[in-house]
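K.L.:
The following file, input_21.cif, comprises mmCIF, C-alpha atoms and all ligand atoms:
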```cif
data_entry
loop_
_atom_site.group_PDB
_atom_site.id
_atom_site.type_symbol
_atom_site.label_atom_id
_atom_site.label_comp_id
_atom_site.auth_asym_id
_atom_site.auth_seq_id
_atom_site.Cartn_x
_atom_site.Cartn_y
_atom_site.Cartn_z
ATOM 1 C CA ARG A 1 -0.512 24.555 17.026
ATOM 2 C CA LYS A 2 1.963 22.496 18.991
ATOM 3 C CA ARG A 3 -0.354 19.493 19.103
ATOM 4 C CA CYS A 4 -0.192 19.274 15.293
ATOM 5 C CA PHE A 5 1.779 16.440 13.710
ATOM 6 C CA ARG A 6 3.075 15.486 10.257
ATOM 7 C CA ILE A 7 2.547 12.259 8.321
ATOM 8 C CA SER A 8 5.412 10.997 6.166
ATOM 9 C CA THR A 9 5.082 10.498 2.408
ATOM 10 C CA GLY A 10 7.316 7.424 2.402
ATOM 11 C CA SER A 11 10.095 9.357 0.624
ATOM 12 C CA LYS A 12 12.809 11.058 2.697
ATOM 13 C CA GLN A 13 13.469 13.626 -0.023
ATOM 14 C CA TRP A 14 9.818 14.509 -0.330
ATOM 15 C CA ASP A 15 9.428 14.672 3.471
ATOM 16 C CA SER A 16 12.407 17.024 3.652
ATOM 17 C CA ILE A 17 10.775 19.730 1.499
ATOM 18 C CA LEU A 18 7.683 19.479 3.758
ATOM 19 C CA ALA A 19 9.562 19.636 7.072
ATOM 20 C CA GLY A 20 8.643 16.022 7.782
ATOM 21 C CA GLY A 21 5.451 15.389 5.864
ATOM 22 C CA PHE A 22 1.855 16.544 5.467
ATOM 23 C CA GLN A 23 0.581 18.504 8.447
ATOM 24 C CA SER A 24 -2.472 17.901 10.605
ATOM 25 C CA CYS A 25 -5.021 20.647 11.386
ATOM 26 C CA SER A 26 -5.048 21.479 7.696
ATOM 27 C CA ILE A 27 -6.178 20.504 4.224
ATOM 28 C CA ASN A 28 -3.382 19.477 1.857
ATOM 29 C CA GLU A 29 -3.635 18.845 -1.871
ATOM 30 C CA VAL A 30 -1.574 16.947 -4.417
ATOM 31 C CA TYR A 31 -2.456 17.598 -8.035
ATOM 32 C CA GLY A 32 -0.969 16.647 -11.362
ATOM 33 C CA GLU A 33 -1.463 14.751 -14.575
ATOM 34 C CA PHE A 34 -2.445 11.069 -14.811
ATOM 35 C CA ARG A 35 -0.013 8.400 -13.524
ATOM 36 C CA CYS A 36 2.207 10.860 -11.655
ATOM 37 C CA GLY A 37 1.565 8.975 -8.403
ATOM 38 C CA LYS A 38 -1.277 10.794 -6.636
ATOM 39 C CA THR A 39 -3.173 7.620 -5.822
ATOM 40 C CA GLN A 40 0.058 5.800 -4.923
ATOM 41 C CA LEU A 41 0.967 8.604 -2.503
ATOM 42 C CA VAL A 42 -2.312 8.434 -0.594
ATOM 43 C CA HIS A 43 -2.087 4.620 -0.436
ATOM 44 C CA THR A 44 1.399 4.985 1.046
ATOM 45 C CA MET A 45 0.224 7.592 3.550
ATOM 46 C CA ALA A 46 -2.674 5.344 4.601
ATOM 47 C CA VAL A 47 -0.030 2.911 5.881
ATOM 48 C CA MET A 48 2.368 5.584 7.213
ATOM 49 C CA ALA A 49 -0.415 7.135 9.329
ATOM 50 C CA GLN A 50 -0.681 3.884 11.284
ATOM 51 C CA LEU A 51 3.019 3.842 12.234
ATOM 52 C CA PRO A 52 4.484 5.188 15.486
ATOM 53 C CA LYS A 53 5.181 8.926 15.518
ATOM 54 C CA ASP A 54 8.957 8.450 15.518
ATOM 55 C CA GLN A 55 8.581 6.616 12.186
ATOM 56 C CA GLY A 56 6.630 9.422 10.545
ATOM 57 C CA GLY A 57 3.218 8.092 11.508
ATOM 58 C CA ALA A 58 0.283 9.337 13.533
ATOM 59 C CA GLU A 59 -0.582 6.120 15.416
ATOM 60 C CA GLY A 60 -4.092 6.341 14.060
ATOM 61 C CA ARG A 61 -6.601 4.813 11.734
ATOM 62 C CA VAL A 62 -7.477 6.190 8.313
ATOM 63 C CA ALA A 63 -10.664 7.118 6.439
ATOM 64 C CA VAL A 64 -10.785 7.104 2.650
ATOM 65 C CA ILE A 65 -13.356 8.696 0.346
ATOM 66 C CA ASP A 66 -12.923 6.947 -2.988
ATOM 67 C CA SER A 67 -14.709 8.816 -5.763
ATOM 68 C CA GLU A 68 -12.833 7.306 -8.714
ATOM 69 C CA GLY A 69 -12.966 3.616 -7.768
ATOM 70 C CA THR A 70 -9.187 3.348 -7.547
ATOM 71 C CA TRP A 71 -8.718 2.238 -3.927
ATOM 72 C CA ARG A 72 -6.808 -1.088 -3.819
ATOM 73 C CA PRO A 73 -6.481 -3.113 -0.572
ATOM 74 C CA GLU A 74 -3.869 -5.258 -2.396
ATOM 75 C CA ARG A 75 -1.640 -2.210 -2.719
ATOM 76 C CA ILE A 76 -2.067 -1.456 0.995
ATOM 77 C CA ALA A 77 -0.969 -5.036 1.756
ATOM 78 C CA GLN A 78 2.183 -4.611 -0.367
ATOM 79 C CA ILE A 79 3.049 -1.259 1.204
ATOM 80 C CA ALA A 80 2.381 -2.621 4.706
ATOM 81 C CA GLU A 81 4.938 -5.378 4.122
ATOM 82 C CA ARG A 82 7.610 -2.800 3.327
ATOM 83 C CA PHE A 83 7.070 -1.206 6.749
ATOM 84 C CA GLY A 84 6.725 -4.476 8.658
ATOM 85 C CA VAL A 85 3.021 -3.962 9.316
ATOM 86 C CA ASP A 86 0.620 -6.908 9.181
ATOM 87 C CA PRO A 87 -1.129 -6.523 5.778
ATOM 88 C CA GLU A 88 -4.553 -7.580 7.049
ATOM 89 C CA LEU A 89 -4.325 -5.329 10.065
ATOM 90 C CA ALA A 90 -3.282 -2.420 7.838
ATOM 91 C CA ASN A 91 -6.453 -2.817 5.769
ATOM 92 C CA GLU A 92 -8.641 -3.300 8.855
ATOM 93 C CA ASN A 93 -7.444 0.092 10.072
ATOM 94 C CA ILE A 94 -8.713 1.798 6.920
ATOM 95 C CA VAL A 95 -12.402 2.580 6.412
ATOM 96 C CA VAL A 96 -13.265 3.157 2.766
ATOM 97 C CA GLY A 97 -16.386 4.867 1.402
ATOM 98 C CA ARG A 98 -17.216 4.895 -2.284
ATOM 99 C CA ALA A 99 -18.633 8.340 -3.136
ATOM 100 C CA LEU A 100 -21.203 8.028 -5.913
ATOM 101 C CA ASN A 101 -21.965 11.725 -6.370
ATOM 102 C CA SER A 102 -21.115 15.045 -4.760
ATOM 103 C CA GLU A 103 -23.986 14.988 -2.246
ATOM 104 C CA HIS A 104 -23.077 11.446 -1.263
ATOM 105 C CA GLN A 105 -19.446 12.504 -0.917
ATOM 106 C CA HIS A 106 -20.451 15.275 1.501
ATOM 107 C CA GLU A 107 -22.639 12.865 3.494
ATOM 108 C CA LEU A 108 -19.809 10.348 3.742
ATOM 109 C CA VAL A 109 -17.451 12.981 5.156
ATOM 110 C CA CYS A 110 -20.111 14.161 7.650
ATOM 111 C CA GLY A 111 -20.672 10.559 8.693
ATOM 112 C CA LEU A 112 -16.998 10.227 9.647
ATOM 113 C CA SER A 113 -17.107 12.952 12.315
ATOM 114 C CA GLU A 114 -17.444 10.497 15.186
ATOM 115 C CA ARG A 115 -14.376 8.497 14.153
ATOM 116 C CA PHE A 116 -12.322 11.677 14.047
ATOM 117 C CA ALA A 117 -13.784 13.252 17.187
ATOM 118 C CA THR A 118 -12.695 10.267 19.271
ATOM 119 C CA GLY A 119 -9.160 10.407 17.863
ATOM 120 C CA GLU A 120 -9.559 6.947 16.316
ATOM 121 C CA CYS A 121 -8.783 8.226 12.797
ATOM 122 C CA ARG A 122 -5.949 10.676 12.139
ATOM 123 C CA LEU A 123 -5.954 10.875 8.347
ATOM 124 C CA LEU A 124 -8.751 11.609 5.861
ATOM 125 C CA ILE A 125 -8.016 10.879 2.202
ATOM 126 C CA VAL A 126 -10.208 12.050 -0.683
ATOM 127 C CA ASP A 127 -9.234 10.602 -4.097
ATOM 128 C CA SER A 128 -10.291 12.637 -5.907
ATOM 129 C CA ILE A 129 -11.962 15.779 -4.566
ATOM 130 C CA MET A 130 -13.412 17.196 -7.804
ATOM 131 C CA CYS A 131 -14.388 14.187 -9.907
ATOM 132 C CA ASN A 132 -18.003 14.009 -8.628
ATOM 133 C CA TRP A 133 -18.476 17.786 -8.564
ATOM 134 C CA ARG A 134 -17.341 17.953 -12.152
ATOM 135 C CA THR A 135 -19.848 15.374 -13.383
ATOM 136 C CA ASP A 136 -22.742 16.599 -11.199
ATOM 137 C CA TYR A 137 -22.503 20.193 -12.344
ATOM 138 C CA THR A 138 -22.021 20.470 -16.058
ATOM 139 C CA GLY A 139 -22.428 23.584 -18.123
ATOM 140 C CA ARG A 140 -21.437 27.153 -17.415
ATOM 141 C CA GLY A 141 -24.788 28.070 -15.844
ATOM 142 C CA GLU A 142 -24.197 25.667 -12.968
ATOM 143 C CA LEU A 143 -20.698 26.811 -12.101
ATOM 144 C CA ALA A 144 -21.703 29.352 -9.421
ATOM 145 C CA ASP A 145 -23.960 26.767 -7.784
ATOM 146 C CA ARG A 146 -21.186 24.178 -7.905
ATOM 147 C CA GLN A 147 -18.645 26.497 -6.330
ATOM 148 C CA GLN A 148 -21.051 27.448 -3.554
ATOM 149 C CA ARG A 149 -21.753 23.834 -2.598
ATOM 150 C CA LEU A 150 -18.077 22.977 -2.938
ATOM 151 C CA GLY A 151 -17.214 25.879 -0.645
ATOM 152 C CA GLN A 152 -19.627 24.627 2.019
ATOM 153 C CA HIS A 153 -18.167 21.134 1.761
ATOM 154 C CA LEU A 154 -14.594 22.411 2.094
ATOM 155 C CA LYS A 155 -15.537 24.647 5.028
ATOM 156 C CA HIS A 156 -16.874 21.588 6.804
ATOM 157 C CA MET A 157 -13.603 19.739 6.193
ATOM 158 C CA THR A 158 -11.503 22.706 7.355
ATOM 159 C CA LEU A 159 -13.358 22.762 10.672
ATOM 160 C CA MET A 160 -12.943 18.994 11.041
ATOM 161 C CA ALA A 161 -9.196 19.231 10.392
ATOM 162 C CA GLU A 162 -8.751 21.974 12.996
ATOM 163 C CA GLU A 163 -11.138 20.754 15.649
ATOM 164 C CA PHE A 164 -10.139 17.082 15.544
ATOM 165 C CA ASN A 165 -6.433 17.599 14.719
ATOM 166 C CA ILE A 166 -6.382 15.427 11.620
ATOM 167 C CA THR A 167 -4.487 15.522 8.341
ATOM 168 C CA ILE A 168 -6.705 15.841 5.275
ATOM 169 C CA MET A 169 -5.219 14.809 1.924
ATOM 170 C CA LEU A 170 -7.045 15.780 -1.245
ATOM 171 C CA VAL A 171 -6.082 14.353 -4.610
ATOM 172 C CA ASN A 172 -6.925 16.665 -7.474
ATOM 173 C CA GLN A 173 -6.808 16.437 -11.238
ATOM 174 C CA VAL A 174 -5.608 19.057 -13.682
ATOM 175 C CA GLN A 175 -7.753 20.735 -16.299
ATOM 176 C CA SER A 176 -7.637 18.939 -19.592
ATOM 177 C CA ASP A 177 -7.610 22.358 -21.211
ATOM 178 C CA PRO A 178 -4.290 23.943 -20.207
ATOM 179 C CA GLY A 179 -3.795 27.656 -20.496
ATOM 180 C CA ALA A 180 -7.423 28.639 -19.897
ATOM 181 C CA SER A 181 -6.051 30.829 -17.125
ATOM 182 C CA ALA A 182 -2.531 31.258 -15.837
ATOM 183 C CA LEU A 183 -3.831 31.388 -12.279
ATOM 184 C CA PHE A 184 -2.549 28.522 -10.096
ATOM 185 C CA ALA A 185 -0.713 27.223 -13.143
ATOM 186 C CA GLY A 186 2.041 24.763 -12.345
ATOM 187 C CA ALA A 187 5.396 24.235 -14.004
ATOM 188 C CA ASP A 188 3.757 22.500 -16.955
ATOM 189 C CA GLY A 189 1.171 25.241 -17.427
ATOM 190 C CA ARG A 190 -1.672 23.087 -16.158
ATOM 191 C CA LYS A 191 -3.909 24.103 -13.339
ATOM 192 C CA PRO A 192 -5.848 22.140 -10.754
ATOM 193 C CA LEU A 193 -9.651 21.874 -10.787
ATOM 194 C CA GLY A 194 -11.806 23.710 -8.269
ATOM 195 C CA GLY A 195 -10.749 27.309 -8.879
ATOM 196 C CA HIS A 196 -10.340 29.891 -6.104
ATOM 197 C CA VAL A 197 -12.803 28.143 -3.815
ATOM 198 C CA LEU A 198 -10.610 25.064 -3.536
ATOM 199 C CA GLY A 199 -7.350 27.015 -3.702
ATOM 200 C CA HIS A 200 -8.302 29.152 -0.727
ATOM 201 C CA ALA A 201 -9.342 26.184 1.409
ATOM 202 C CA LEU A 202 -5.899 24.598 1.124
ATOM 203 C CA THR A 203 -2.980 25.039 3.483
ATOM 204 C CA THR A 204 -0.479 23.187 1.323
ATOM 205 C CA ARG A 205 -0.610 22.584 -2.418
ATOM 206 C CA ILE A 206 1.843 20.246 -4.163
ATOM 207 C CA LEU A 207 2.259 19.758 -7.908
ATOM 208 C CA LEU A 208 3.325 16.310 -9.116
ATOM 209 C CA ARG A 209 4.834 15.631 -12.518
ATOM 210 C CA LYS A 210 6.792 12.997 -14.378
ATOM 211 C CA GLY A 211 10.565 13.409 -14.477
ATOM 212 C CA ARG A 212 13.301 11.525 -16.254
ATOM 213 C CA GLY A 213 12.691 7.798 -16.697
ATOM 214 C CA GLU A 214 10.820 6.402 -13.710
ATOM 215 C CA GLU A 215 11.503 9.515 -11.702
ATOM 216 C CA ARG A 216 8.658 11.724 -10.486
ATOM 217 C CA VAL A 217 8.894 15.265 -9.133
ATOM 218 C CA ALA A 218 6.926 16.913 -6.311
ATOM 219 C CA LYS A 219 6.966 20.711 -6.099
ATOM 220 C CA VAL A 220 5.687 22.916 -3.289
ATOM 221 C CA ILE A 221 3.326 25.415 -4.949
ATOM 222 C CA ASP A 222 1.759 26.902 -1.836
ATOM 223 C CA SER A 223 2.679 26.475 1.832
ATOM 224 C CA PRO A 224 2.539 28.640 4.972
ATOM 225 C CA ASP A 225 5.900 27.377 6.236
ATOM 226 C CA CYS A 226 7.829 25.575 3.475
ATOM 227 C CA ALA A 227 9.825 27.077 0.580
ATOM 228 C CA GLU A 228 8.872 26.403 -3.042
ATOM 229 C CA LYS A 229 11.291 23.515 -3.432
ATOM 230 C CA GLU A 230 11.227 20.346 -5.530
ATOM 231 C CA ALA A 231 11.912 16.740 -4.560
ATOM 232 C CA THR A 232 12.196 13.614 -6.680
ATOM 233 C CA TYR A 233 10.614 10.291 -5.780
ATOM 234 C CA ILE A 234 9.810 6.938 -7.351
ATOM 235 C CA ILE A 235 6.819 4.597 -7.206
ATOM 236 C CA THR A 236 7.686 1.104 -5.996
ATOM 237 C CA THR A 237 5.768 -2.022 -4.962
ATOM 238 C CA GLY A 238 6.240 -0.750 -1.411
ATOM 239 C CA GLY A 239 4.752 2.626 -2.289
ATOM 240 C CA ILE A 240 6.371 6.070 -2.615
ATOM 241 C CA ASN A 241 10.146 5.951 -2.039
ATOM 242 C CA ASP A 242 13.361 7.818 -2.790
HETATM 243 P P1 LIG B 1 -4.684 9.372 -12.237
HETATM 244 O O1 LIG B 1 -4.785 10.846 -12.460
HETATM 245 O O2 LIG B 1 -4.889 8.597 -13.475
HETATM 246 O O3 LIG B 1 -5.544 8.897 -11.108
HETATM 247 P P2 LIG B 1 -2.412 9.033 -10.444
HETATM 248 O O4 LIG B 1 -1.556 10.240 -10.318
HETATM 249 O O5 LIG B 1 -3.346 8.731 -9.343
HETATM 250 O O6 LIG B 1 -3.143 9.080 -11.852
HETATM 251 P P3 LIG B 1 -1.163 6.580 -9.736
HETATM 252 O O7 LIG B 1 -2.217 5.573 -9.928
HETATM 253 O O8 LIG B 1 -0.872 7.032 -8.359
HETATM 254 O O9 LIG B 1 -1.433 7.816 -10.691
HETATM 255 O O10 LIG B 1 0.221 6.058 -10.322
HETATM 256 C C1 LIG B 1 0.264 5.199 -11.403
HETATM 257 C C2 LIG B 1 1.689 4.741 -11.524
HETATM 258 O O11 LIG B 1 2.010 3.907 -10.418
HETATM 259 C C3 LIG B 1 1.938 3.944 -12.780
HETATM 260 O O12 LIG B 1 3.081 4.481 -13.426
HETATM 261 C C4 LIG B 1 2.222 2.539 -12.254
HETATM 262 O O13 LIG B 1 3.211 1.937 -13.014
HETATM 263 C C5 LIG B 1 2.719 2.792 -10.849
HETATM 264 N N1 LIG B 1 2.421 1.639 -10.005
HETATM 265 C C6 LIG B 1 1.226 1.172 -9.676
HETATM 266 N N2 LIG B 1 1.341 0.059 -8.933
HETATM 267 C C7 LIG B 1 2.647 -0.187 -8.803
HETATM 268 C C8 LIG B 1 3.413 -1.200 -8.180
HETATM 269 N N3 LIG B 1 2.839 -2.207 -7.544
HETATM 270 N N4 LIG B 1 4.752 -1.124 -8.279
HETATM 271 C C9 LIG B 1 5.332 -0.122 -8.920
HETATM 272 N N5 LIG B 1 4.676 0.861 -9.549
HETATM 273 C C10 LIG B 1 3.349 0.829 -9.501
HETATM 274 MG MG MG B 2 -5.372 8.250 -9.236
#
```
Could you render the structure as structure tokens?
P.N.:
Amino acid sequence: RKRCFRISTGSKQWDSILAGGFQSCSINEVYGEFRCGKTQLVHTMAVMAQLPKDQGGAEGRVAVIDSEGTWRPERIAQIAERFGVDPELANENIVVGRALNSEHQHELVCGLSERFATGECRLLIVDSIMCNWRTDYTGRGELADRQQRLGQHLKHMTLMAEEFNITIMLVNQVQSDPGASALFAGADGRKPLGGHVLGHALTTRILLRKGRGEERVAKVIDSPDCAEKEATYIITTGGIND
């Protein structure tokens, strides 16, 4: 595991509860209610990943699977300026695929193998992981089928993360119906989508919530090597910060 690296979040406090950031060779998830900063975090990390290793980066390019239509090159440009990176170059180093449905999403990830195998890309972002699966499989009768296909998709990503030594960041939403089950429930009683199948595929799971005023809070829910601590952060023009 010594070849593994960590990519910074952009916030020193947040990095500190993760021993430096989100780890490679594994699948990491941030989940939480709307506007808590999930999309802002992965935008920030898309710039961080390009930085030198001693600045919390991975000296690599980035691949993004956008399933919600919320990827914004203008935000990347703003965040790049904060870190002294050329805004155009920052965007050129990010390949973005718009996932139209769950099958398409799987195909997009498979199509990225070459970029990861060569070491060109070091970070894979999926924002969000469940949105397409949720709309493609409606109704209770389709749940088992959904979970099986989701499991195959996640297995593929796990192998990619390990074999190619990349960090995978999944953004996930919370159930709009809190309290359906206490399992995986966060501090606010809400639970992430995807059930056991997604939960078991993850190495690190982080709950995001709104704090006082502009403050946001990240909490380690599940990690193989970090305690269940909390960190506060804010969302700025330059991305996630202390
Ligand atoms: P959703 O579940 O709806 O996708 P999310 O967790 O992805 O939500 P984000 O889009 O990451 O939420 O965060 C939205 C927040 O980011 C808003 O509060 C918004 O004010 C803030 N934000 C967006 N752009 C900027 C910016 N340029 N400067 C400061 N704050 C910003
Ligand atoms: Mg979002």
K.L.:
Residues of chain A that have any atom at most 12 Å from an atom of ligand MG 2 (chain B): could you tabulate them with the shortest-distance atom pair and the distance in Å to one decimal, using only C-alpha atoms and all ligand atoms, ordered by chain and increasing number, as JSON lines?
P.N.:
```
{"residue": "A:Val30", "atom": "CA", "partner": "B:MG2", "partner_atom": "MG", "distance": 10.6}
{"residue": "A:Tyr31", "atom": "CA", "partner": "B:MG2", "partner_atom": "MG", "distance": 9.9}
{"residue": "A:Gly32", "atom": "CA", "partner": "B:MG2", "partner_atom": "MG", "distance": 9.7}
{"residue": "A:Glu33", "atom": "CA", "partner": "B:MG2", "partner_atom": "MG", "distance": 9.3}
{"residue": "A:Phe34", "atom": "CA", "partner": "B:MG2", "partner_atom": "MG", "distance": 6.9}
{"residue": "A:Arg35", "atom": "CA", "partner": "B:MG2", "partner_atom": "MG", "distance": 6.9}
{"residue": "A:Cys36", "atom": "CA", "partner": "B:MG2", "partner_atom": "MG", "distance": 8.4}
{"residue": "A:Gly37", "atom": "CA", "partner": "B:MG2", "partner_atom": "MG", "distance": 7.0}
{"residue": "A:Lys38", "atom": "CA", "partner": "B:MG2", "partner_atom": "MG", "distance": 5.5}
{"residue": "A:Thr39", "atom": "CA", "partner": "B:MG2", "partner_atom": "MG", "distance": 4.1}
{"residue": "A:Gln40", "atom": "CA", "partner": "B:MG2", "partner_atom": "MG", "distance": 7.4}
{"residue": "A:Leu41", "atom": "CA", "partner": "B:MG2", "partner_atom": "MG", "distance": 9.3}
{"residue": "A:Val42", "atom": "CA", "partner": "B:MG2", "partner_atom": "MG", "distance": 9.2}
{"residue": "A:His43", "atom": "CA", "partner": "B:MG2", "partner_atom": "MG", "distance": 10.1}
{"residue": "A:Asp66", "atom": "CA", "partner": "B:MG2", "partner_atom": "MG", "distance": 9.9}
{"residue": "A:Ser67", "atom": "CA", "partner": "B:MG2", "partner_atom": "MG", "distance": 10.0}
{"residue": "A:Glu68", "atom": "CA", "partner": "B:MG2", "partner_atom": "MG", "distance": 7.5}
{"residue": "A:Gly69", "atom": "CA", "partner": "B:MG2", "partner_atom": "MG", "distance": 9.0}
{"residue": "A:Thr70", "atom": "CA", "partner": "B:MG2", "partner_atom": "MG", "distance": 6.4}
{"residue": "A:Trp71", "atom": "CA", "partner": "B:MG2", "partner_atom": "MG", "distance": 8.7}
{"residue": "A:Arg72", "atom": "CA", "partner": "B:MG2", "partner_atom": "MG", "distance": 10.9}
{"residue": "A:Val126", "atom": "CA", "partner": "B:MG2", "partner_atom": "MG", "distance": 10.5}
{"residue": "A:Asp127", "atom": "CA", "partner": "B:MG2", "partner_atom": "MG", "distance": 6.8}
{"residue": "A:Ser128", "atom": "CA", "partner": "B:MG2", "partner_atom": "MG", "distance": 7.4}
{"residue": "A:Ile129", "atom": "CA", "partner": "B:MG2", "partner_atom": "MG", "distance": 11.0}
{"residue": "A:Cys131", "atom": "CA", "partner": "B:MG2", "partner_atom": "MG", "distance": 10.8}
{"residue": "A:Leu170", "atom": "CA", "partner": "B:MG2", "partner_atom": "MG", "distance": 11.1}
{"residue": "A:Val171", "atom": "CA", "partner": "B:MG2", "partner_atom": "MG", "distance": 7.7}
{"residue": "A:Asn172", "atom": "CA", "partner": "B:MG2", "partner_atom": "MG", "distance": 8.7}
{"residue": "A:Gln173", "atom": "CA", "partner": "B:MG2", "partner_atom": "MG", "distance": 8.5}
{"residue": "A:Val174", "atom": "CA", "partner": "B:MG2", "partner_atom": "MG", "distance": 11.7}
{"residue": "A:Leu208", "atom": "CA", "partner": "B:MG2", "partner_atom": "MG", "distance": 11.9}
```
K.L.:
At a cut-off of 8 Å around the point (14.9, 9.7, -3.7) (file coordinates), what residues fall inside when counting only C-alpha atoms? I'd like the answer as a ChimeraX atom specification.
P.N.:
/A:11-14,231-234,241-242
K.L.:
Pick the closest to A:Ser8 from A:His200, A:Lys53, A:His106, A:Lys191: which is it, counting all atoms listed in the file?
P.N.:
A:Lys53
K.L.:
Apply the PyMOL selection byres (((chain A and resi 149) around 12) and not hetatm) to the displayed file and report the matching residues as a list of chain:residue names.
P.N.:
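Written out, the selection comes to A:Ser102, A:Glu103, A:Gln105, A:His106, A:Met130, A:Trp133, A:Asp136, A:Tyr137, A:Glu142, A:Leu143, A:Ala144, A:Asp145, A:Arg146, A:Gln147, A:Gln148, A:Leu150, A:Gly151, A:Gln152, A:His153, A:Leu154, A:Lys155, A:His156, A:Gly194, A:Val197, A:Leu198.
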K.L.:
So which one's closest to A:Asn93, A:Leu159, A:Ile79, A:Leu112, A:Val47? Using all atoms listed in the file, please.
P.N.:
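Comparing A:Leu159, A:Ile79, A:Leu112, A:Val47 against A:Asn93, the winner is A:Val47.
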K.L.:
Under the rule that all atoms listed in the file are counted, which of A:Val220, A:Ala201, A:Met45, A:Leu89 is the nearest residue to ligand LIG 1 (chain B)?
P.N.:
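Distance minimum relative to ligand LIG 1 (chain B) lands on A:Met45.
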K.L.:
Any idea what the distance is between atom CA of A:Glu107 and atom O9 of ligand LIG 1 (chain B)?
P.N.:
26.0 Å
K.L.:
Save N, CA and C atoms of stretch 137-149 of chain A from the block above as a compact mmCIF listing (two decimals), in the first residue's frame.
P.N.:
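What follows is the written file out_39.txt:
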```txt
# COMPACT_ATOMS: atom_id res chain seq x y z
N TYR A 137 -34.30 2.55 -12.49
CA TYR A 137 -34.98 1.43 -11.82
C TYR A 137 -35.97 2.00 -10.81
N THR A 138 -37.20 2.08 -11.23
CA THR A 138 -38.22 2.58 -10.31
C THR A 138 -39.05 1.39 -9.83
N GLY A 139 -39.73 1.56 -8.77
CA GLY A 139 -40.59 0.48 -8.29
C GLY A 139 -39.85 -0.56 -7.49
N ARG A 140 -40.52 -1.15 -6.56
CA ARG A 140 -39.93 -2.13 -5.65
C ARG A 140 -39.45 -3.38 -6.36
N GLY A 141 -40.21 -3.80 -7.41
CA GLY A 141 -39.89 -5.03 -8.12
C GLY A 141 -38.54 -4.99 -8.81
N GLU A 142 -38.03 -3.79 -9.07
CA GLU A 142 -36.77 -3.66 -9.81
C GLU A 142 -35.56 -3.46 -8.91
N LEU A 143 -35.81 -3.43 -7.60
CA LEU A 143 -34.74 -3.09 -6.67
C LEU A 143 -33.61 -4.12 -6.68
N ALA A 144 -33.96 -5.42 -6.69
CA ALA A 144 -32.94 -6.47 -6.68
C ALA A 144 -32.08 -6.38 -7.94
N ASP A 145 -32.75 -6.15 -9.07
CA ASP A 145 -32.05 -6.01 -10.35
C ASP A 145 -31.11 -4.81 -10.31
N ARG A 146 -31.61 -3.70 -9.78
CA ARG A 146 -30.81 -2.48 -9.67
C ARG A 146 -29.56 -2.73 -8.83
N GLN A 147 -29.75 -3.35 -7.68
CA GLN A 147 -28.63 -3.56 -6.77
C GLN A 147 -27.59 -4.51 -7.37
N GLN A 148 -28.06 -5.46 -8.19
CA GLN A 148 -27.12 -6.39 -8.81
C GLN A 148 -26.25 -5.67 -9.84
N ARG A 149 -26.89 -4.85 -10.67
CA ARG A 149 -26.14 -4.10 -11.69
C ARG A 149 -25.23 -3.05 -11.04
```
